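**Q** Next up is a structure, given as structure tokens.
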Amino acid sequence: MTDVADCLLTKRALPDYNTRARLRNNNPRTGRDPSSAAEVPEAVRALTHLKVEALRAEWRARYGPPVPPLRSGEHLRRLLAWRMQADVLGGLDAETRRALLKNTSLPKAPGRQTRERLVRVWQGKTYEVEVLDQGFRLDGRAFGSLSEVARKITGVRWNGPRFFGLRPEQRA
């Protein structure tokens, strides 16, 4: 579990869970933290168009350093919005925190069946990959992941599941 998720589940601070009271009314962007449930949607909406650096500045203004080490503006925006809502409306209840901490492993995605064959035509040649209990086999050689197989076939790095058509293409 990541430090950020662990902090959210246990209400441990990033860095100090009670900084909200200390920083109230010192927020340069919005003027103040939302203090009632009615003000939360407006405060969260104000985050919508902020770029990553502005979101980091917003975090520092509200909660002080350190800012979670996220590079994605969308993830930081969601974390900041959740934190603002949790401050006003309350975070996860004790039962939910216990349940999340009890099951720290993520459920596995539905996988491929053993002995299933994945077929891919690449530059006029057909490749058949056999799914094993612990990896994949191509031409008698075992591989730990589909990405390794895709790299062997193409000579460059690929997302293996995408290469074999198991994931949809990403939009640009």
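We label chains A, B, ... in the order they appear in the structure tokens, count residues from 1 in each chain, and number ligands from 1 in the order shown.
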Near Ser72 (chain A), counting only C-alpha atoms, which residues have an atom at most 12 Å away, once you skip same-chain residues fewer than 2 positions from it, shown as a ChimeraX atom specification?
**A** /A:50-53,55-56,68-70,74-79
**Q** What parts of region 104-164 of chain A does DSSP call helix (DSSP H, G or I)? I'd like the answer as a short mmCIF file (atom, residue, chain, number, x, y, z; two decimals) with C-alpha atoms, in the first residue's frame.
**A**
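In the end it all went to selection_25.cif:
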data_model
loop_
_atom_site.label_atom_id
_atom_site.label_comp_id
_atom_site.auth_asym_id
_atom_site.auth_seq_id
_atom_site.Cartn_x
_atom_site.Cartn_y
_atom_site.Cartn_z
CA LEU A 146 3.19 -10.43 -22.04
CA SER A 147 5.26 -7.27 -22.29
CA GLU A 148 8.43 -9.38 -22.40
CA VAL A 149 6.87 -11.50 -25.17
CA ALA A 150 5.86 -8.40 -27.12
CA ARG A 151 9.38 -7.01 -26.81
CA LYS A 152 10.87 -10.29 -28.06
CA ILE A 153 8.56 -10.21 -31.09
CA THR A 154 8.95 -6.52 -31.99
CA GLY A 160 1.92 -6.65 -23.69
CA PRO A 161 -1.84 -6.85 -23.10
CA ARG A 162 -2.37 -3.99 -25.58
CA PHE A 163 -0.05 -5.62 -28.15
#
**Q** So how many Å separate CA of Gly155 (chain A) and CA of Arg167 (chain A), to one decimal?
**A**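 Going from CA of Gly155 (chain A) over to CA of Arg167 (chain A) covers 20.4 Å.
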**Q** For the atom pair CA of Glu39 (chain A) and CA of Val88 (chain A), what is the interatomic distance in Å to one decimal place?
**A** 9.3 Å
**Q** If I take CA of Arg71 (chain A) and CA of Arg157 (chain A), how far is one from the other in Å, to one decimal?
**A**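 Interatomic distance here is 22.1 Å.
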**Q** Write out as an NGL selection string the residues lying within 7 Å of region 138-142 of chain A, counting only C-alpha atoms and excluding same-chain residues fewer than 4 positions away.
**A** :A and (128-130)
**Q** Would you mind exporting N, CA and C atoms of the selected residues as a PDB file, in the first residue's frame?
**A**
ATOM      1  N   GLU A 128       2.169 -17.489 -31.828  1.00  0.00           N
ATOM      2  CA  GLU A 128       1.252 -18.104 -30.872  1.00  0.00           C
ATOM      3  C   GLU A 128       1.923 -18.141 -29.514  1.00  0.00           C
ATOM      4  N   VAL A 129       1.243 -17.569 -28.526  1.00  0.00           N
ATOM      5  CA  VAL A 129       1.768 -17.531 -27.165  1.00  0.00           C
ATOM      6  C   VAL A 129       0.862 -18.384 -26.302  1.00  0.00           C
ATOM      7  N   GLU A 130       1.468 -19.301 -25.562  1.00  0.00           N
ATOM      8  CA  GLU A 130       0.717 -20.160 -24.665  1.00  0.00           C
ATOM      9  C   GLU A 130       0.723 -19.548 -23.265  1.00  0.00           C
TER      10      GLU A 130
END
